[in-house]
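K.L.:
Starting off with a structure, shown below.
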Amino acid sequence: MGAVDPSSKNTGFVFVGTAVTVIACDYASKWWIRRTIGPGAERDEIVIAGDFVYLDYSENSGIAFGLLNNQQTLVSILLLLAVGIGGLFLWKLLPGSSRLVMVGAGLMAGGGLANVIDRVPDGVVTDFISVWRWPLFNVADAALTIGALVLALLFYRGHASSGQSELDPDL
């Protein structure tokens with residue numbers, strides 16, 4: 001039996017830790033938003049930077065950016081496909097990947113799972129962040145997007161293998 005590479009445990013911890021952190025932050029932010037500006041709250045929005053950035057409660061029964069609203073069957077099928085494809089991707093990606101790859105994958109997994117968790121009780125996801133003219137989104141959506149950008153950049157630059165340090169100045 002060969003020795004276990006200690007860095008493999010660290011990358012797994014980075015992946016799980018990132019995903020759990022995203023889920024916790026998303027859950028906490030949605031809990032706070034529902035009580036602060038959600039249905040029945042005294043306020044209906046929180047202005048952060050004028051019309052450029054503000055918080056505004058919304059329920060999204062569709063997928064990203066409100067697409068496919070009120071089409072629960074199609075949304076459920078797409079979610080199952082996304083989870084399946086994402087699971088296969090992670091299964092292939094995890095062994096031998098760098099810590100930065102695990103952060104990107106953890107952001108994506110955490111964001112996806114957080115939105116699934118939010119959707120389960122009543123078929124909707126709470127969105128509340130508004131930036132300029134961009135559709136409303138939430139912490140999970142931001143994590144998914146940032147994670148996808150990190151992974152795309154790393155794969156484009158060829159730094160996805162464990163041989164590259166997340167502190168590599170070439171990143």
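Lettering and numbering for the structure tokens are positional, with chains as A, B, ... in the shown order, residues counted from 1 in each chain, and ligands counted from 1 in the shown order.
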Can you pull out every residue from region 88-145 of chain A that DSSP, working from the backbone, puts in strand (DSSP E or B), and format the result as number ranges by chain?
P.N.:
A: 97, 125-131, 137
K.L.:
Write out as a VMD selection string each polymer residue whose atoms come within 12 Å of Phe52 (chain A), counting only C-alpha atoms; drop sequence neighbours fewer than 5 positions from it.
P.N.:
chain A and resid 46 to 47 129 to 134
K.L.:
Please indicate the distance in Å from CA of Leu90 (chain A) to CA of Glu59 (chain A), rounded to one decimal place.
P.N.:
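Distance reported for this atom pair: 29.2 Å.
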K.L.:
Would you mind reading off the distance between CA of Glu45 (chain A) and CA of Tyr57 (chain A), one decimal, in Å?
P.N.:
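It comes out at 7.1 Å.
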K.L.:
Near region 37-43 of chain A, within 12 Å and counting only C-alpha atoms, which residues show up once chain neighbours fewer than 6 positions away are dropped, as a ChimeraX atom specification?
P.N.:
/A:29-31,54-59,126-129
K.L.:
Taking N, CA, C and O atoms for each residue, export the selection above as a PDB file, in the first residue's frame.
P.N.:
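As a result, result.pdb now contains:
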ATOM      1  N   SER A  29     -27.675  34.922   4.104  1.00  0.00           N
ATOM      2  CA  SER A  29     -28.082  36.146   3.401  1.00  0.00           C
ATOM      3  C   SER A  29     -29.554  36.088   2.992  1.00  0.00           C
ATOM      4  O   SER A  29     -30.276  37.077   3.114  1.00  0.00           O
ATOM      5  N   LYS A  30     -30.013  34.942   2.533  1.00  0.00           N
ATOM      6  CA  LYS A  30     -31.423  34.812   2.138  1.00  0.00           C
ATOM      7  C   LYS A  30     -32.342  34.875   3.357  1.00  0.00           C
ATOM      8  O   LYS A  30     -33.428  35.461   3.289  1.00  0.00           O
ATOM      9  N   TRP A  31     -31.915  34.282   4.463  1.00  0.00           N
ATOM     10  CA  TRP A  31     -32.696  34.361   5.703  1.00  0.00           C
ATOM     11  C   TRP A  31     -32.859  35.818   6.111  1.00  0.00           C
ATOM     12  O   TRP A  31     -33.959  36.266   6.442  1.00  0.00           O
ATOM     13  N   TYR A  54     -28.312  47.889  -5.245  1.00  0.00           N
ATOM     14  CA  TYR A  54     -29.305  47.878  -4.181  1.00  0.00           C
ATOM     15  C   TYR A  54     -29.809  46.453  -3.978  1.00  0.00           C
ATOM     16  O   TYR A  54     -29.566  45.574  -4.803  1.00  0.00           O
ATOM     17  N   LEU A  55     -30.470  46.233  -2.855  1.00  0.00           N
ATOM     18  CA  LEU A  55     -31.049  44.932  -2.538  1.00  0.00           C
ATOM     19  C   LEU A  55     -32.553  45.029  -2.696  1.00  0.00           C
ATOM     20  O   LEU A  55     -33.180  45.953  -2.176  1.00  0.00           O
ATOM     21  N   ASP A  56     -33.132  44.076  -3.409  1.00  0.00           N
ATOM     22  CA  ASP A  56     -34.555  44.088  -3.718  1.00  0.00           C
ATOM     23  C   ASP A  56     -35.046  42.638  -3.768  1.00  0.00           C
ATOM     24  O   ASP A  56     -34.596  41.857  -4.606  1.00  0.00           O
ATOM     25  N   TYR A  57     -35.954  42.274  -2.891  1.00  0.00           N
ATOM     26  CA  TYR A  57     -36.432  40.889  -2.770  1.00  0.00           C
ATOM     27  C   TYR A  57     -37.194  40.439  -4.019  1.00  0.00           C
ATOM     28  O   TYR A  57     -38.038  41.158  -4.548  1.00  0.00           O
ATOM     29  N   SER A  58     -36.888  39.228  -4.467  1.00  0.00           N
ATOM     30  CA  SER A  58     -37.592  38.640  -5.606  1.00  0.00           C
ATOM     31  C   SER A  58     -37.567  37.120  -5.465  1.00  0.00           C
ATOM     32  O   SER A  58     -36.618  36.553  -4.922  1.00  0.00           O
ATOM     33  N   GLU A  59     -38.612  36.471  -5.954  1.00  0.00           N
ATOM     34  CA  GLU A  59     -38.658  35.006  -5.991  1.00  0.00           C
ATOM     35  C   GLU A  59     -38.559  34.567  -7.438  1.00  0.00           C
ATOM     36  O   GLU A  59     -39.313  35.036  -8.292  1.00  0.00           O
ATOM     37  N   THR A 126     -34.674  32.623  -3.860  1.00  0.00           N
ATOM     38  CA  THR A 126     -34.692  34.029  -3.479  1.00  0.00           C
ATOM     39  C   THR A 126     -33.529  34.759  -4.136  1.00  0.00           C
ATOM     40  O   THR A 126     -32.379  34.374  -3.958  1.00  0.00           O
ATOM     41  N   ASP A 127     -33.843  35.784  -4.908  1.00  0.00           N
ATOM     42  CA  ASP A 127     -32.840  36.661  -5.499  1.00  0.00           C
ATOM     43  C   ASP A 127     -33.018  38.037  -4.887  1.00  0.00           C
ATOM     44  O   ASP A 127     -34.138  38.438  -4.558  1.00  0.00           O
ATOM     45  N   PHE A 128     -31.914  38.781  -4.745  1.00  0.00           N
ATOM     46  CA  PHE A 128     -32.053  40.074  -4.071  1.00  0.00           C
ATOM     47  C   PHE A 128     -30.962  41.092  -4.387  1.00  0.00           C
ATOM     48  O   PHE A 128     -31.083  42.252  -4.032  1.00  0.00           O
ATOM     49  N   ILE A 129     -29.900  40.705  -5.054  1.00  0.00           N
ATOM     50  CA  ILE A 129     -28.827  41.650  -5.335  1.00  0.00           C
ATOM     51  C   ILE A 129     -29.044  42.247  -6.719  1.00  0.00           C
ATOM     52  O   ILE A 129     -29.200  41.517  -7.705  1.00  0.00           O
TER      53      ILE A 129
END
K.L.:
Which one of A:Pro95, A:Gly106, A:Gly50, A:Gly112 sits closest to Asn138 (chain A) if you count only C-alpha atoms?
P.N.:
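Result for the nearest residue to Asn138 (chain A): A:Gly112.
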K.L.:
I'd like the neighbourhood of Gly17 (chain A) as a PyMOL selection string, where a residue qualifies if any of its atoms comes within 10 Å (using only C-alpha atoms), though same-chain residues fewer than 2 positions away should be ignored.
P.N.:
chain A and resi 11-15+19-23+102-103+106-107+110
K.L.:
Could you check which of A:Thr18, A:Ser61, A:Thr73, A:Thr36 is closest to Ala109 (chain A), using only C-alpha atoms?
P.N.:
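For Ala109 (chain A), the nearest of the candidates is A:Thr18.
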K.L.:
Contacts of Leu149 (chain A) at 9 Å or less, counting only C-alpha atoms, minus same-chain residues fewer than 5 places along, as a PyMOL selection string?
P.N.:
chain A and resi 104+144+154
K.L.:
Deliver the residues from the most recent selection as a file, using C-alpha atoms, as a compact mmCIF listing (two decimals), in the first residue's frame.
P.N.:
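Below is the file that was written, again_3.txt:
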# COMPACT_ATOMS: atom_id res chain seq x y z
CA GLY A 104 -13.35 27.26 -8.19
CA LEU A 144 -21.33 29.89 -9.33
CA LEU A 154 -7.19 28.13 -15.00
K.L.:
I need the helix (DSSP H, G or I) residues of region 65-95 of chain A per DSSP on the backbone, written as a ChimeraX atom specification.
P.N.:
/A:65-66,72-93
K.L.:
Which is closer to Gly86 (chain A) than all the others in A:Gln71, A:Ala148, A:Gly62, A:Arg35, using only C-alpha atoms?
P.N.:
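Smallest distance to Gly86 (chain A) is found for A:Ala148.
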K.L.:
Point out the residue among A:Ile77, A:Ala143, A:Ile63, A:Leu88 with the least atom-to-atom distance to Arg119 (chain A), counting only C-alpha atoms.
P.N.:
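Using only C-alpha atoms, the shortest distance to Arg119 (chain A) belongs to A:Ile63.
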K.L.:
Taking into account only C-alpha atoms, which residue in the set A:Trp91, A:Ala64, A:Val124, A:Ala49 is nearest to Leu78 (chain A)?
P.N.:
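Under the stated criterion, the closest residue is A:Ala64.
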K.L.:
Under the rule that only C-alpha atoms are counted, which of A:Leu80, A:Val101, A:Leu68, A:Val75 is the nearest residue to Gly158 (chain A)?
P.N.:
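Checking each of A:Leu80, A:Val101, A:Leu68, A:Val75 against Gly158 (chain A), counting only C-alpha atoms, the winner is A:Val101.
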K.L.:
How many Å separate CA of Val139 (chain A) from CA of Ala82 (chain A)?
P.N.:
18.6 Å
